[in-house]
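Enquirer: Right, I'll just put the structure down here and ask away after.
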Amino acid sequence: MTASARRTLNVALGERSYPIHIGRALLSEPGLLAPYLAGRQVMVITNDTIAPLYLQALIDALPDECDVRTLSLPDGERYKNLEQVERIWDALLGAGFNRRCTLVALGGGVIGDMVGFAAAAYQRGVAFIQVPTTLLSQVDSSVGGKTGVNHPLGKNMIGAFHQPRAVLIDTDTLATLPPRELSAGLAEVIKYGLIRNVAFLGWLEQNMDALRRTDAEAVSEAIAVSCQIKADIVAEDETEQGVRALLNLGHTFGHAIEAHQGYGNWLHGEAVGAGMAMAATLSFELGMIDEPALTRARAAIERAGLPLAAPANMDVEDFLSRMRLDKKNVEARLRLILLNALGEAVISDETPPDTLEELLRRYPRSE
Ligand code: NAD
Ligand code: GLY
């Protein structure tokens with residue numbers, strides 16, 4: 001396979017605009033991070049799985065004159081909490097890092113969300129750079145500045161908007177990613193096709209096998225299209241006053257699944273996969289999409305290696321109690337993202353409670 005060309009996209013947010021560099025072997029490129037550092041003090045934060053794989057390459061890519069510190073956190077969604085963020089603040093204060101320091105998040109969405117939040121609050125806000133190493137973080141979580149941690153009562157409930165200075169995506173890091181994690185990332189890729197771009201959904205249908213074997217050209221294309229769609233939406237609505245909510249297709253159901261199962265037992269992307277299948281089914285039940293569209297949406301999710309069924313241990317109230325806590329809700333009304341067509345999602349506050357409850361009651365459960 002020939003090396004894919006480097007691509008650079010832009011997240012257009014005025015003076016807080018930043019590039020997304022996508023390419024192979026980016027981590028071995030000297031000078032890659034230098035333009036985005038606020039000063040000499042740099043702390044690279046990663047986890048115990050990623051550190052042995054990529055930490056040294058990242059350190060080598062930093063300018064010699066930097067004062068580089070590293071911190072490795074335990075791996076897992078269950079560690080996406082304030083205790084771990086405090087460890088980052090402790091390390092920064094312990095090293096005497098000031099407002100001109102830069103944090104570098106080397107890892108998946110868990111590390112990226114926590115490091116971004118630590119950067120948002122440290123001395124009221126310092127620079128950070130995203131170096132995402134999972135497909136999910138490369139197509140979604142590293143872009144757009146949503147940062148934060150989970151609360152036992154709800155997913156991502158504590159956080160801040162804080163944009164990175166740059167997103168550096170070395171697609172070669174996907175070579176070590178377990179297949180289950182790759183499938184989880186494909187959930188968010190499929191999401192972009194379902195909400196905004198039916199032609200991209202068609203391309204995904206053609207290229208799903210290539211993506212699942214991490215074919216370099218296919219992966220690079222999927223990441224670039226996904227990041228472009230996300231960058232456009234974030235530029236239009238940075239703090240989710242409107243259109244950005246569409247990026248949450250399947251997430252209201254998905255976050256309920258993740259929280260109920262215990263963080264990390266269902267991967268975020270798996271919960272989003274099943275959640276998108278549930279949202280598409282509800283859209284069908286409400287007469288918004290036809291049966292062929294529903295079948296197509298479900299087939300894409302299934303071919304990515306993702307679950308369609310909801311967990312066997314969740315009843316209607318288990319879903320509803322979690323869904324009522326969703327950040328999108330306005331007062332007592334449940335806000336859901338539904339499909340008007342493939343490639344066209346809408347924000348809906350109008351779902352009749354009876355229809356939703358009926359869907360939750362009848363929706364297939366896993367064995
Ligand atoms: P993750 O960060 O837990 O990473 C998944 C697993 O892969 C971990 O075990 C990790 O150590 C391992 N890993 C990472 N890179 C690897 C590599 N290159 N090789 C081998 N192993 C590797 O999970 P994720 O799926 O990347 O991210 C999920 C998180 O992202 C959730 O907490 C979710 O809420 C969040 N998220 C945030 C946003 C946002 O806009 N901020 C968007 C979507 C998801
Ligand atoms: N992942 C949803 C968002 O960034 O808005």
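Lettering and numbering for the structure tokens are positional, with chains as A, B, ... in the shown order, residues counted from 1 in each chain, and ligands counted from 1 in the shown order.
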Can you pull out every residue with an atom within 12 Å of ligand 2? Use only C-alpha atoms and all ligand atoms and format it as a PyMOL selection string.

Expert: chain A and resi 109+113+136-148+156+160-163+185+187-189+191-192+226-227+229-252+254-255+268-269+272+327-328+337

Enquirer: Just list as a PyMOL selection string whatever in region 236-343 of chain A DSSP marks as strand (DSSP E).

Expert: chain A and resi 336-341

Enquirer: Tell me, as a VMD selection string, which residues lie within 12 Å of Asn150 (chain A), counting only C-alpha atoms; anything in the same chain fewer than 4 positions away does not count.

Expert: chain A and resid 76 to 85 110 113 to 114 117 154 to 159 255 258 to 259 262 to 264

Enquirer: Selected residues, N, CA, C and O atoms, written as a compact mmCIF listing (two decimals), in the first residue's frame, please.

Expert:
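Saved the output as result22.txt:
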# COMPACT_ATOMS: atom_id res chain seq x y z
N GLY A 76 -8.54 3.16 30.78
CA GLY A 76 -9.93 2.71 30.85
C GLY A 76 -10.93 3.82 31.10
O GLY A 76 -10.64 4.80 31.79
N GLU A 77 -12.12 3.60 30.53
CA GLU A 77 -13.22 4.57 30.69
C GLU A 77 -13.56 4.76 32.16
O GLU A 77 -13.97 5.84 32.58
N ARG A 78 -13.34 3.73 32.98
CA ARG A 78 -13.72 3.87 34.39
C ARG A 78 -12.78 4.82 35.14
O ARG A 78 -13.05 5.22 36.26
N TYR A 79 -11.66 5.14 34.50
CA TYR A 79 -10.74 6.12 35.11
C TYR A 79 -10.95 7.52 34.55
O TYR A 79 -10.14 8.40 34.80
N LYS A 80 -12.00 7.70 33.78
CA LYS A 80 -12.26 9.05 33.23
C LYS A 80 -13.03 9.83 34.30
O LYS A 80 -14.25 9.98 34.24
N ASN A 81 -12.28 10.27 35.31
CA ASN A 81 -12.93 10.91 36.45
C ASN A 81 -12.05 12.03 37.01
O ASN A 81 -10.90 12.21 36.60
N LEU A 82 -12.62 12.76 37.97
CA LEU A 82 -11.92 13.92 38.52
C LEU A 82 -10.63 13.53 39.25
O LEU A 82 -9.69 14.30 39.29
N GLU A 83 -10.62 12.32 39.82
CA GLU A 83 -9.42 11.89 40.55
C GLU A 83 -8.21 11.88 39.61
O GLU A 83 -7.12 12.32 39.98
N GLN A 84 -8.41 11.38 38.38
CA GLN A 84 -7.29 11.32 37.43
C GLN A 84 -6.93 12.72 36.93
O GLN A 84 -5.76 13.03 36.70
N VAL A 85 -7.94 13.58 36.77
CA VAL A 85 -7.65 14.96 36.34
C VAL A 85 -6.85 15.66 37.44
O VAL A 85 -5.91 16.42 37.15
N VAL A 110 -10.61 8.97 25.92
CA VAL A 110 -10.58 9.11 27.39
C VAL A 110 -9.46 10.06 27.80
O VAL A 110 -9.67 11.02 28.55
N ASP A 113 -10.18 13.71 26.36
CA ASP A 113 -11.21 14.46 27.09
C ASP A 113 -10.68 14.93 28.46
O ASP A 113 -10.96 16.05 28.90
N MET A 114 -9.91 14.05 29.12
CA MET A 114 -9.42 14.42 30.46
C MET A 114 -8.32 15.48 30.38
O MET A 114 -8.30 16.43 31.17
N PHE A 117 -9.76 18.84 29.60
CA PHE A 117 -10.41 19.43 30.77
C PHE A 117 -9.37 19.95 31.76
O PHE A 117 -9.51 21.05 32.31
N GLY A 154 -23.94 10.05 35.33
CA GLY A 154 -24.12 10.39 33.92
C GLY A 154 -22.80 10.62 33.21
O GLY A 154 -21.81 11.07 33.79
N LYS A 155 -22.85 10.28 31.92
CA LYS A 155 -21.66 10.32 31.06
C LYS A 155 -21.28 11.77 30.73
O LYS A 155 -22.14 12.58 30.40
N ASN A 156 -20.01 12.08 30.82
CA ASN A 156 -19.48 13.40 30.41
C ASN A 156 -20.23 14.57 31.06
O ASN A 156 -20.44 15.61 30.43
N MET A 157 -20.64 14.40 32.30
CA MET A 157 -21.49 15.42 32.93
C MET A 157 -20.70 16.61 33.47
O MET A 157 -21.25 17.65 33.74
N ILE A 158 -19.40 16.42 33.67
CA ILE A 158 -18.57 17.51 34.20
C ILE A 158 -17.55 17.86 33.12
O ILE A 158 -16.80 16.99 32.68
N GLY A 159 -17.54 19.10 32.66
CA GLY A 159 -16.58 19.41 31.60
C GLY A 159 -16.60 20.86 31.18
O GLY A 159 -17.20 21.72 31.83
N HIS A 255 -25.44 6.75 25.68
CA HIS A 255 -24.91 7.15 27.00
C HIS A 255 -25.66 6.42 28.12
O HIS A 255 -25.07 6.08 29.15
N GLU A 258 -24.08 2.99 28.26
CA GLU A 258 -22.74 3.01 28.87
C GLU A 258 -22.80 3.17 30.38
O GLU A 258 -22.12 2.48 31.13
N ALA A 259 -23.61 4.13 30.83
CA ALA A 259 -23.67 4.42 32.26
C ALA A 259 -24.30 3.24 33.00
O ALA A 259 -23.83 2.83 34.07
N GLY A 262 -22.01 0.20 33.37
CA GLY A 262 -20.74 0.44 34.08
C GLY A 262 -19.72 0.84 33.05
O GLY A 262 -19.49 0.12 32.07
N TYR A 263 -19.12 2.03 33.24
CA TYR A 263 -18.24 2.58 32.22
C TYR A 263 -17.16 1.59 31.81
O TYR A 263 -16.47 1.03 32.64
N GLY A 264 -17.05 1.36 30.50
CA GLY A 264 -16.01 0.50 29.96
C GLY A 264 -16.50 -0.89 29.59
O GLY A 264 -15.82 -1.60 28.86

Enquirer: Just the residues within 12 Å of Ala216 (chain A), please, counting only C-alpha atoms, with nothing from its chain fewer than 4 positions along; format it as a list of chain:residue names.

Expert: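 After dropping sequence-adjacent residues, the list is A:Met1, A:Thr2, A:Ala3, A:Ser4, A:Ala5, A:Arg6, A:Ile22, A:Gly23, A:Arg24, A:Ala25, A:Asp170, A:Thr171, A:Asp172, A:Thr173, A:Leu174, A:Ala175, A:Asn207, A:Ala210, A:Leu211, A:Arg212, A:Ser220, A:Glu221, A:Ala222, A:Ile223.
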
Enquirer: Mind checking DSSP for region 93-335 of chain A and telling me the alpha helix (DSSP H) residues as a VMD selection string?

Expert: chain A and resid 93 to 94 109 to 121 135 to 136 179 to 196 198 to 212 216 to 236 251 to 261 268 to 285 291 to 303 316 to 323

Enquirer: Just the residues within 9 Å of His21 (chain A), please, counting only C-alpha atoms, with nothing from its chain fewer than 3 positions along; format it as a PyMOL selection string.

Expert: chain A and resi 6-10+26+166-170
